[in-house]
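For reference, final.cif (mmCIF, C-alpha atoms):
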data_protein
loop_
_atom_site.label_atom_id
_atom_site.label_comp_id
_atom_site.auth_asym_id
_atom_site.auth_seq_id
_atom_site.Cartn_x
_atom_site.Cartn_y
_atom_site.Cartn_z
CA MET L 15 0.00 0.00 0.00
CA SER L 16 1.52 3.26 -1.09
CA ALA L 17 1.60 6.43 0.98
CA VAL L 18 -0.61 8.07 -1.62
CA GLU L 19 -3.37 5.55 -1.06
CA MET L 20 -3.08 6.03 2.68
CA ALA L 21 -3.41 9.75 2.30
CA HIS L 22 -6.63 9.44 0.36
CA GLY L 23 -8.23 7.29 2.97
CA HIS L 24 -9.55 4.55 0.72
CA ALA L 25 -7.32 1.86 2.12
CA ASP L 26 -8.15 3.18 5.57
CA PRO L 27 -11.89 3.82 5.61
CA HIS L 28 -12.08 4.54 9.33
CA HIS L 29 -9.21 7.07 9.25
CA LEU L 30 -7.23 5.22 11.88
CA HIS L 31 -4.01 6.72 10.54
CA PRO L 32 -4.67 10.41 9.99
CA VAL L 33 -2.28 11.98 7.54
CA GLU L 34 -1.10 15.53 7.82
CA HIS L 35 -1.56 18.01 4.99
CA GLU L 36 -4.93 16.50 4.04
CA GLY L 37 -6.26 19.99 3.32
CA PRO L 38 -9.81 21.25 3.38
CA ALA L 39 -12.64 19.24 1.84
CA PRO L 40 -13.62 20.10 -1.75
CA LYS L 41 -16.03 22.99 -2.09
CA ARG L 42 -18.87 20.75 -3.34
CA ILE L 43 -18.78 18.75 -0.10
CA VAL L 44 -18.57 21.84 2.11
CA THR L 45 -21.46 23.53 0.27
CA GLY L 46 -23.63 20.42 0.31
CA PHE L 47 -22.98 19.82 4.00
CA GLY L 48 -23.74 23.42 4.88
CA PHE L 49 -27.01 23.24 2.99
CA TRP L 50 -27.82 19.95 4.71
CA ILE L 51 -27.42 21.72 8.08
CA PHE L 52 -29.80 24.45 6.85
CA LEU L 53 -32.35 21.83 5.75
CA LEU L 54 -32.18 20.14 9.15
CA SER L 55 -32.83 23.47 10.88
CA ASP L 56 -35.72 24.02 8.48
CA ILE L 57 -37.08 20.62 9.53
CA VAL L 58 -36.68 21.63 13.20
CA MET L 59 -38.75 24.75 12.40
CA PHE L 60 -41.41 22.55 10.80
CA SER L 61 -41.40 20.35 13.91
CA CYS L 62 -42.53 23.40 15.91
CA PHE L 63 -45.48 23.85 13.54
CA PHE L 64 -46.23 20.12 13.86
CA ALA L 65 -46.09 20.33 17.66
CA THR L 66 -48.45 23.32 17.59
CA TYR L 67 -50.84 21.46 15.32
CA ALA L 68 -50.72 18.27 17.43
CA VAL L 69 -51.54 20.26 20.57
CA LEU L 70 -54.34 22.32 18.99
CA ALA L 71 -55.89 19.69 16.66
CA GLY L 72 -58.79 19.08 19.06
CA GLN L 73 -59.51 22.75 19.83
CA THR L 74 -62.24 23.32 17.24
CA ASN L 75 -64.21 25.85 19.33
CA GLY L 76 -67.48 24.32 18.19
CA GLY L 77 -66.42 24.61 14.55
CA PRO L 78 -65.76 21.88 11.98
CA SER L 79 -63.16 19.20 12.72
CA GLY L 80 -60.63 17.73 10.33
CA ALA L 81 -62.75 14.66 9.67
CA GLN L 82 -65.58 16.90 8.40
CA LEU L 83 -63.35 19.10 6.24
CA PHE L 84 -60.65 17.00 4.58
CA ASP L 85 -61.08 15.52 1.12
CA LEU L 86 -58.70 12.55 1.01
CA LYS L 87 -59.01 12.08 -2.76
CA ASN L 88 -57.59 15.58 -3.27
CA VAL L 89 -54.78 14.83 -0.80
CA ALA L 90 -53.95 11.58 -2.61
CA ILE L 91 -53.57 13.43 -5.93
CA GLU L 92 -51.40 16.10 -4.27
CA THR L 93 -49.22 13.35 -2.78
CA ALA L 94 -48.84 11.60 -6.13
CA LEU L 95 -47.84 14.87 -7.85
CA LEU L 96 -45.18 15.67 -5.24
CA LEU L 97 -43.83 12.12 -5.17
CA LEU L 98 -43.47 12.00 -8.97
CA SER L 99 -41.82 15.43 -8.93
CA SER L 100 -39.24 14.08 -6.47
CA PHE L 101 -38.49 11.29 -8.95
CA THR L 102 -38.13 13.65 -11.93
CA CYS L 103 -35.92 15.90 -9.77
CA GLY L 104 -33.68 12.85 -9.25
CA MET L 105 -33.57 12.34 -13.02
CA ALA L 106 -32.54 16.00 -13.38
CA SER L 107 -29.68 15.44 -10.89
CA ILE L 108 -28.42 12.51 -12.96
CA ALA L 109 -28.70 14.53 -16.18
CA ALA L 110 -26.77 17.39 -14.56
CA ASP L 111 -23.99 15.00 -13.51
CA LEU L 112 -23.82 13.67 -17.07
CA ARG L 113 -24.00 17.23 -18.46
CA ASN L 114 -26.95 16.28 -20.64
CA PHE L 115 -28.60 19.62 -21.40
CA LEU L 116 -31.81 18.31 -23.02
CA TRP L 117 -32.65 15.73 -20.33
CA PHE L 118 -31.83 18.19 -17.58
CA GLN L 119 -34.22 20.83 -18.95
CA VAL L 120 -36.98 18.28 -19.68
CA SER L 121 -36.76 16.72 -16.19
CA MET L 122 -36.70 20.11 -14.50
CA ALA L 123 -39.66 21.33 -16.56
CA VAL L 124 -41.69 18.23 -15.62
CA THR L 125 -40.71 18.76 -11.97
CA ALA L 126 -41.92 22.37 -12.17
CA VAL L 127 -45.24 21.39 -13.78
CA LEU L 128 -45.87 18.70 -11.13
CA GLY L 129 -44.98 21.14 -8.34
CA ALA L 130 -47.25 23.81 -9.81
CA GLY L 131 -50.08 21.27 -10.05
CA PHE L 132 -49.61 20.51 -6.36
CA LEU L 133 -49.81 24.22 -5.51
CA VAL L 134 -52.97 24.73 -7.60
CA LEU L 135 -54.73 21.85 -5.81
CA GLU L 136 -53.65 23.21 -2.44
CA ALA L 137 -54.85 26.72 -3.33
CA ILE L 138 -58.24 25.35 -4.44
CA GLU L 139 -58.52 23.45 -1.15
CA PHE L 140 -57.69 26.57 0.91
CA ILE L 141 -60.13 28.78 -1.02
CA ASP L 142 -62.85 26.16 -0.62
CA LEU L 143 -62.25 25.96 3.14
CA VAL L 144 -62.41 29.74 3.56
CA GLU L 145 -65.62 29.91 1.52
CA ARG L 146 -67.20 27.27 3.75
CA GLY L 147 -66.47 29.47 6.79
CA ALA L 148 -63.53 27.32 7.88
CA GLY L 149 -60.80 29.94 7.45
CA PRO L 150 -57.73 30.30 9.68
CA SER L 151 -59.57 32.60 12.12
CA ARG L 152 -62.39 30.11 12.81
CA SER L 153 -60.65 28.05 15.53
CA ALA L 154 -57.24 27.24 17.00
CA PHE L 155 -57.32 23.98 15.06
CA LEU L 156 -57.76 25.78 11.74
CA SER L 157 -55.14 28.44 12.61
CA SER L 158 -52.54 25.74 13.20
CA PHE L 159 -53.71 23.80 10.12
CA PHE L 160 -53.31 26.79 7.78
CA SER L 161 -49.94 27.72 9.35
CA LEU L 162 -48.48 24.24 8.95
CA VAL L 163 -49.80 23.34 5.49
CA GLY L 164 -49.41 26.91 4.23
CA CYS L 165 -45.78 27.00 5.38
CA HIS L 166 -45.10 23.86 3.36
CA GLY L 167 -46.89 25.41 0.39
CA LEU L 168 -44.70 28.53 0.66
CA HIS L 169 -41.62 26.31 0.63
CA VAL L 170 -42.86 24.59 -2.54
CA THR L 171 -43.46 28.01 -4.14
CA ALA L 172 -39.90 29.08 -3.28
CA GLY L 173 -38.64 25.75 -4.60
CA ILE L 174 -40.35 26.28 -7.98
CA LEU L 175 -38.85 29.79 -8.28
CA TRP L 176 -35.42 28.32 -7.48
CA LEU L 177 -36.02 25.52 -10.01
CA LEU L 178 -36.82 28.00 -12.80
CA THR L 179 -33.72 30.00 -11.84
CA MET L 180 -31.56 26.89 -12.20
CA MET L 181 -33.04 26.11 -15.63
CA ALA L 182 -32.21 29.66 -16.75
CA GLN L 183 -28.71 29.55 -15.25
CA VAL L 184 -27.89 26.30 -17.02
CA VAL L 185 -28.98 27.94 -20.30
CA ALA L 186 -26.95 31.07 -19.61
CA LYS L 187 -23.84 29.61 -17.94
CA GLY L 188 -23.84 25.88 -18.70
CA PHE L 189 -22.90 23.13 -16.23
CA ARG L 190 -20.18 25.11 -14.45
CA ALA L 191 -18.93 23.87 -11.08
CA ASP L 192 -20.79 26.58 -9.15
CA ILE L 193 -24.01 25.88 -11.07
CA GLN L 194 -23.60 22.17 -10.31
CA ARG L 195 -23.36 22.97 -6.59
CA ARG L 196 -26.57 24.98 -6.77
CA ILE L 197 -28.30 22.10 -8.56
CA LEU L 198 -27.13 19.75 -5.80
CA CYS L 199 -28.56 22.07 -3.12
CA PHE L 200 -31.82 22.51 -5.03
CA ALA L 201 -32.27 18.73 -5.30
CA LEU L 202 -31.69 18.36 -1.55
CA PHE L 203 -34.28 21.08 -0.90
CA TRP L 204 -36.89 19.52 -3.17
CA HIS L 205 -36.47 16.00 -1.71
CA ALA L 206 -36.66 17.43 1.83
CA LEU L 207 -39.98 19.12 0.97
CA ASP L 208 -41.33 15.75 -0.10
CA ILE L 209 -40.26 14.22 3.23
CA ILE L 210 -42.10 16.99 5.10
CA TRP L 211 -45.19 16.38 2.95
CA VAL L 212 -45.13 12.71 4.02
CA ALA L 213 -45.42 13.91 7.62
CA VAL L 214 -48.15 16.42 6.64
CA PHE L 215 -50.42 13.97 4.84
CA SER L 216 -49.95 11.31 7.52
CA VAL L 217 -50.33 13.45 10.64
CA VAL L 218 -52.73 16.13 9.43
CA TYR L 219 -54.94 14.47 6.82
CA LEU L 220 -54.92 10.73 7.51
CA LEU L 221 -54.83 10.91 11.32
CA GLY L 222 -57.25 13.86 11.19
CA SER L 223 -59.75 11.88 9.14
CA ALA L 224 -59.33 8.70 11.16
CA ALA L 225 -59.87 10.41 14.50
CA MET Y 1053 -7.16 -2.99 -5.38
CA SER Y 1054 -5.37 -0.02 -6.85
CA GLU Y 1055 -7.72 0.01 -9.86
CA GLN Y 1056 -10.62 0.37 -7.47
CA VAL Y 1057 -8.87 3.03 -5.46
CA HIS Y 1058 -8.17 5.22 -8.44
CA GLY Y 1059 -11.64 4.76 -9.88
CA ARG Y 1060 -12.84 7.63 -7.77
CA GLN Y 1061 -11.30 11.04 -7.66
CA ALA Y 1062 -8.37 11.07 -5.30
CA HIS Y 1063 -9.59 13.86 -3.02
CA GLU Y 1064 -13.07 12.47 -2.39
CA ILE Y 1065 -12.83 11.32 1.19
CA ASP Y 1066 -16.33 12.39 2.18
CA VAL Y 1067 -19.42 12.69 0.04
CA ALA Y 1068 -21.78 15.64 0.01
CA PRO Y 1069 -25.35 14.91 1.12
CA GLY Y 1070 -27.45 14.06 -1.90
CA GLU Y 1071 -24.38 12.78 -3.71
CA GLU Y 1072 -24.33 9.19 -4.89
CA GLU Y 1073 -21.39 6.87 -5.06
CA HIS Y 1074 -20.55 7.11 -8.73
CA GLY Y 1075 -22.54 4.34 -10.37
CA SER Y 1076 -23.57 3.74 -13.94
CA LEU Y 1077 -26.51 5.60 -15.44
CA GLY Y 1078 -28.68 2.46 -15.31
CA SER Y 1079 -28.00 1.70 -11.68
CA ARG Y 1080 -28.70 5.29 -10.63
CA VAL Y 1081 -32.03 5.44 -12.52
CA LEU Y 1082 -32.88 2.05 -11.02
CA GLY Y 1083 -32.15 3.42 -7.53
CA TYR Y 1084 -34.59 6.31 -7.97
CA SER Y 1085 -37.19 3.99 -9.54
CA LEU Y 1086 -36.92 1.56 -6.63
CA GLY Y 1087 -37.32 4.46 -4.19
CA LEU Y 1088 -40.37 5.71 -6.09
CA ALA Y 1089 -41.96 2.23 -6.16
CA LEU Y 1090 -41.41 1.73 -2.40
CA ALA Y 1091 -42.75 5.21 -1.64
CA ILE Y 1092 -45.89 4.62 -3.74
CA LEU Y 1093 -46.43 1.27 -2.02
CA LEU Y 1094 -46.13 2.81 1.46
CA THR Y 1095 -48.31 5.81 0.56
CA ALA Y 1096 -51.02 3.61 -0.95
CA THR Y 1097 -50.98 1.38 2.15
CA SER Y 1098 -51.30 4.46 4.37
CA PHE Y 1099 -54.31 5.82 2.48
CA PHE Y 1100 -55.90 2.36 2.36
CA ILE Y 1101 -55.44 1.77 6.11
CA ALA Y 1102 -56.91 5.18 6.96
CA GLY Y 1103 -60.22 4.42 5.27
CA THR Y 1104 -60.70 0.72 5.89
CA ASP Y 1105 -62.84 -1.23 8.34
CA LEU Y 1106 -60.80 -4.38 7.84
CA VAL Y 1107 -58.31 -3.82 10.66
CA TRP Y 1108 -58.74 -3.27 14.37
CA GLN Y 1109 -59.61 0.44 14.60
CA PRO Y 1110 -57.28 1.53 17.49
CA SER Y 1111 -54.30 0.18 15.53
CA ILE Y 1112 -54.88 2.59 12.63
CA PRO Y 1113 -53.11 5.70 14.02
CA VAL Y 1114 -50.09 3.61 15.03
CA ALA Y 1115 -49.98 2.00 11.58
CA ILE Y 1116 -50.15 5.40 9.84
CA VAL Y 1117 -47.28 6.77 11.96
CA VAL Y 1118 -45.13 3.67 11.38
CA LEU Y 1119 -45.77 3.77 7.60
CA ALA Y 1120 -44.90 7.49 7.52
CA ILE Y 1121 -41.59 6.91 9.33
CA ALA Y 1122 -40.79 4.03 6.97
CA GLN Y 1123 -41.51 6.22 3.95
CA MET Y 1124 -39.28 9.02 5.28
CA GLY Y 1125 -36.54 6.40 5.61
CA VAL Y 1126 -37.07 5.36 1.99
CA HIS Y 1127 -36.81 9.00 0.86
CA ILE Y 1128 -33.63 9.57 2.88
CA VAL Y 1129 -31.89 6.48 1.49
CA PHE Y 1130 -33.05 6.47 -2.15
CA PHE Y 1131 -33.51 10.19 -2.88
CA LEU Y 1132 -31.16 11.98 -0.47
CA HIS Y 1133 -28.56 9.16 -0.52
CA ILE Y 1134 -27.77 9.45 3.18
CA THR Y 1135 -26.21 6.08 3.97
CA THR Y 1136 -24.26 4.53 6.80
CA GLY Y 1137 -21.03 4.37 4.77
CA PRO Y 1138 -17.81 5.68 6.38
CA ASP Y 1139 -17.73 8.66 3.97
CA ASN Y 1140 -21.21 9.73 5.11
CA THR Y 1141 -20.54 10.05 8.85
CA ASN Y 1142 -20.88 13.85 8.99
CA ASN Y 1143 -24.23 13.81 7.19
CA VAL Y 1144 -25.63 11.04 9.40
CA LEU Y 1145 -24.51 12.73 12.63
CA ALA Y 1146 -26.11 16.03 11.57
CA LEU Y 1147 -29.31 14.13 10.75
CA ALA Y 1148 -29.23 12.35 14.12
CA PHE Y 1149 -28.92 15.68 15.93
CA GLY Y 1150 -31.79 17.14 13.90
CA LEU Y 1151 -33.98 14.14 14.74
CA LEU Y 1152 -33.16 14.52 18.44
CA ILE Y 1153 -34.39 18.13 18.41
CA VAL Y 1154 -37.51 17.20 16.41
CA PHE Y 1155 -38.28 14.42 18.88
CA LEU Y 1156 -37.81 16.73 21.89
CA VAL Y 1157 -39.95 19.51 20.42
CA VAL Y 1158 -42.84 17.37 19.18
CA GLY Y 1159 -42.79 14.70 21.89
CA GLY Y 1160 -42.19 17.20 24.69
CA SER Y 1161 -44.98 19.54 23.55
CA ILE Y 1162 -47.55 16.76 23.25
CA TRP Y 1163 -46.53 15.25 26.59
CA ILE Y 1164 -46.59 18.53 28.53
CA MET Y 1165 -49.76 19.94 26.98
CA ASP Y 1166 -51.59 16.65 27.49
CA HIS Y 1167 -50.78 16.66 31.21
CA LEU Y 1168 -51.67 20.34 31.42
CA ASN Y 1169 -55.08 19.65 29.90
CA HIS Y 1170 -55.71 16.86 32.39
CA ASN Y 1171 -54.64 18.85 35.44
CA MET Y 1172 -56.28 22.14 34.59
CA MET Y 1173 -59.71 23.07 35.83
CA PRO Y 1174 -62.29 23.25 33.03
CA MET Y 1175 -62.38 26.73 31.54
CA ASP Y 1176 -65.94 27.60 32.59
CA GLN Y 1177 -65.18 26.86 36.27
CA LEU Y 1178 -62.04 28.96 36.02
CA MET Y 1179 -64.12 31.85 34.70
CA GLN Y 1180 -66.55 31.47 37.61
CA MET Y 1181 -63.74 31.76 40.15
CA GLN Y 1182 -62.43 34.95 38.64
CA ARG Y 1183 -65.67 36.79 39.06
#
Structure translated into structure tokens:
Amino acid sequence: MSAVEMAHGHADPHHLHPVEHEGPAPKRIVTGFGFWIFLLSDIVMFSCFFATYAVLAGQTNGGPSGAQLFDLKNVAIETALLLLSSFTCGMASIAADLRNFLWFQVSMAVTAVLGAGFLVLEAIEFIDLVERGAGPSRSAFLSSFFSLVGCHGLHVTAGILWLLTMMAQVVAKGFRADIQRRILCFALFWHALDIIWVAVFSVVYLLGSAA
Amino acid sequence: MSEQVHGRQAHEIDVAPGEEEHGSLGSRVLGYSLGLALAILLTATSFFIAGTDLVWQPSIPVAIVVLAIAQMGVHIVFFLHITTGPDNTNNVLALAFGLLIVFLVVGGSIWIMDHLNHNMMPMDQLMQMQR
């Protein structure tokens, strides 16, 4: 085993023999890790909204409860759209790694359309609830419901704006190293939103309808 | 051995979160497809369980929570590529810390507020006393 191999850690996966002059990690790893920390703090913020919702879910103040309001068919379609968009986002990551311009743009465009479809369904649901007199000011339950689900919806909106920015930047600047890092961070963000949606549809909609 | 070692770029000791071990195009697409299939299966089971009379009713909330946690695991492994490999230690430790905080915030809030609700006088009696 040569000293070079030792230095690169492959022959020594547990780093039992640390080598001096290893140097800082490549920028792609540092950027990705930093963004991962941000995502985890974002998830911690969401956990506060979830805790609020869990505590207030029964406080309907004589108003409608979740079981009376939620339309599970609508939620199932929303879930399918977001899940498929996560898959196409993965395809876009692969295309970006392979520097395939056409597949990258097609996958990102499909991701954007699926995300926009999700937002439209959510907006229709919110408008319908407000029109039925079940707006955020009706009860503590509905306040926490609109905060939690609306916060996720705002994240998806921001994600779509970011997605369109990345499509434009790849057109304007190509697959440069800094653009690749942004694509990596965007993919992390989009997949994390899908994970939060899993918690939303399980805790809010399914448990709310079952109870 | 040395062929394998030099297959990857020399400076890649860690991997960024979301970054896959460099596989072929086919194996990477297959990974995402497998993740998607598992996620659809778990989601469909969740929605089915929520609306069915076939299972013992008190078990439904527990089943929904377990299925949700399983699906989050599927997303983390197949979409975010957070694995237990030695080059992923930093990402896993950050995730573990995040989960600890999430557990404390959600679990702690539910626990405390539940006890508070049990131990507090009903609101109408409280109003009476303040008159």
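Applied to the shown file, the PyMOL selection byres ((chain Y and resi 1167-1182) around 12) selects the residues Val69, Leu70, Gly72 and Gln73 of chain L; Gly1160, Ser1161, Ile1162, Trp1163, Ile1164, Met1165, Asp1166 and Arg1183 of chain Y.
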Could you list, as a JSON list (two decimals) with C-alpha atoms, in the coordinates of the input, every residue of chain L that has an atom within 7 Å of an atom of chain Y, counting only C-alpha atoms?
[["chain", "number", "residue", "atom", "x", "y", "z"],
["L", 22, "HIS", "CA", -6.63, 9.44, 0.36],
["L", 23, "GLY", "CA", -8.23, 7.29, 2.97],
["L", 24, "HIS", "CA", -9.55, 4.55, 0.72],
["L", 27, "PRO", "CA", -11.89, 3.82, 5.61],
["L", 28, "HIS", "CA", -12.08, 4.54, 9.33],
["L", 42, "ARG", "CA", -18.87, 20.75, -3.34],
["L", 43, "ILE", "CA", -18.78, 18.75, -0.10],
["L", 46, "GLY", "CA", -23.63, 20.42, 0.31],
["L", 47, "PHE", "CA", -22.98, 19.82, 4.00],
["L", 50, "TRP", "CA", -27.82, 19.95, 4.71],
["L", 51, "ILE", "CA", -27.42, 21.72, 8.08],
["L", 54, "LEU", "CA", -32.18, 20.14, 9.15],
["L", 58, "VAL", "CA", -36.68, 21.63, 13.20],
["L", 61, "SER", "CA", -41.40, 20.35, 13.91],
["L", 62, "CYS", "CA", -42.53, 23.40, 15.91],
["L", 64, "PHE", "CA", -46.23, 20.12, 13.86],
["L", 65, "ALA", "CA", -46.09, 20.33, 17.66],
["L", 68, "ALA", "CA", -50.72, 18.27, 17.43],
["L", 69, "VAL", "CA", -51.54, 20.26, 20.57],
["L", 101, "PHE", "CA", -38.49, 11.29, -8.95],
["L", 104, "GLY", "CA", -33.68, 12.85, -9.25],
["L", 198, "LEU", "CA", -27.13, 19.75, -5.80],
["L", 202, "LEU", "CA", -31.69, 18.36, -1.55],
["L", 205, "HIS", "CA", -36.47, 16.00, -1.71],
["L", 209, "ILE", "CA", -40.26, 14.22, 3.23],
["L", 212, "VAL", "CA", -45.13, 12.71, 4.02],
["L", 213, "ALA", "CA", -45.42, 13.91, 7.62],
["L", 216, "SER", "CA", -49.95, 11.31, 7.52],
["L", 220, "LEU", "CA", -54.92, 10.73, 7.51],
["L", 221, "LEU", "CA", -54.83, 10.91, 11.32],
["L", 224, "ALA", "CA", -59.33, 8.70, 11.16]]
Between CA of Ala201 in chain L and CA of Leu128 in chain L - distance in Å to one decimal: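 CA of Leu128 in chain L sits 14.8 Å away from CA of Ala201 in chain L.
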Box along x, y and z, 4 Å on every side, all listed atoms of range 1169-1172 of chain Y inside: centre and edge lengths in Å to one decimal, as JSON.
{"center_x": -55.5, "center_y": 19.5, "center_z": 32.7, "size_x": 9.6, "size_y": 13.3, "size_z": 13.5}
What's the separation between CA of His166 in chain L and CA of Ala1122 in chain Y, in Å to one decimal place?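 Going from CA of His166 in chain L over to CA of Ala1122 in chain Y covers 20.6 Å.
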If I put a ball of radius 8 Å at (-53.8, 24.7, 2.3) in the file's coordinates, which residues poke into it when counting all atoms listed in the file, written as a PyMOL selection string? chain L and resi 136-137+139-140+159-160+163-164+167
CA of Phe63 in chain L to CA of Leu162 in chain L, straight-line distance in Å: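 CA of Phe63 in chain L lies at a distance of 5.5 Å from CA of Leu162 in chain L.
Excluding range 110-115 of chain L and any residue on its chain fewer than 4 positions from it, the residues at most 10 Å away by all atoms listed in the file are Gly104, Met105, Ala106, Gln119, Val120, Met181, Val184, Val185, Gly188, Phe189, Arg190, Ile193, Gln194, Ile197 and Leu198 of chain L; His1074 and Leu1077 of chain Y.
Residues in contact range of range 143-150 of chain L, defined as at most 10 Å between all atoms listed in the file, with sequence neighbours fewer than 4 positions away removed, read Gly77, Pro78, Ser79, Leu83, Phe84, Ala137, Ile138, Glu139, Ala154, Phe155, Leu156, Ser157, Ser158, Phe159, Phe160 and Ser161 of chain L.
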Only C-alpha atoms, please: the residues just picked out, written as a compact mmCIF listing (two decimals), keeping the file's coordinate frame.
# COMPACT_ATOMS: atom_id res chain seq x y z
CA GLY L 77 -66.42 24.61 14.55
CA PRO L 78 -65.76 21.88 11.98
CA SER L 79 -63.16 19.20 12.72
CA LEU L 83 -63.35 19.10 6.24
CA PHE L 84 -60.65 17.00 4.58
CA ALA L 137 -54.85 26.72 -3.33
CA ILE L 138 -58.24 25.35 -4.44
CA GLU L 139 -58.52 23.45 -1.15
CA ALA L 154 -57.24 27.24 17.00
CA PHE L 155 -57.32 23.98 15.06
CA LEU L 156 -57.76 25.78 11.74
CA SER L 157 -55.14 28.44 12.61
CA SER L 158 -52.54 25.74 13.20
CA PHE L 159 -53.71 23.80 10.12
CA PHE L 160 -53.31 26.79 7.78
CA SER L 161 -49.94 27.72 9.35
Excluding same-chain residues fewer than 4 positions from Leu175 in chain L, what lies within 12 Å of it counting all atoms listed in the file, as a VMD selection string? chain L and resid 122 to 123 125 to 127 129 to 130 168 to 171 179 to 182 200 204
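With all atoms listed in the file as the basis for measurement, L:Gly131 is the residue among L:Gly48, L:Gly131, L:Pro38, L:Gly222 that approaches Ile91 in chain L most closely.
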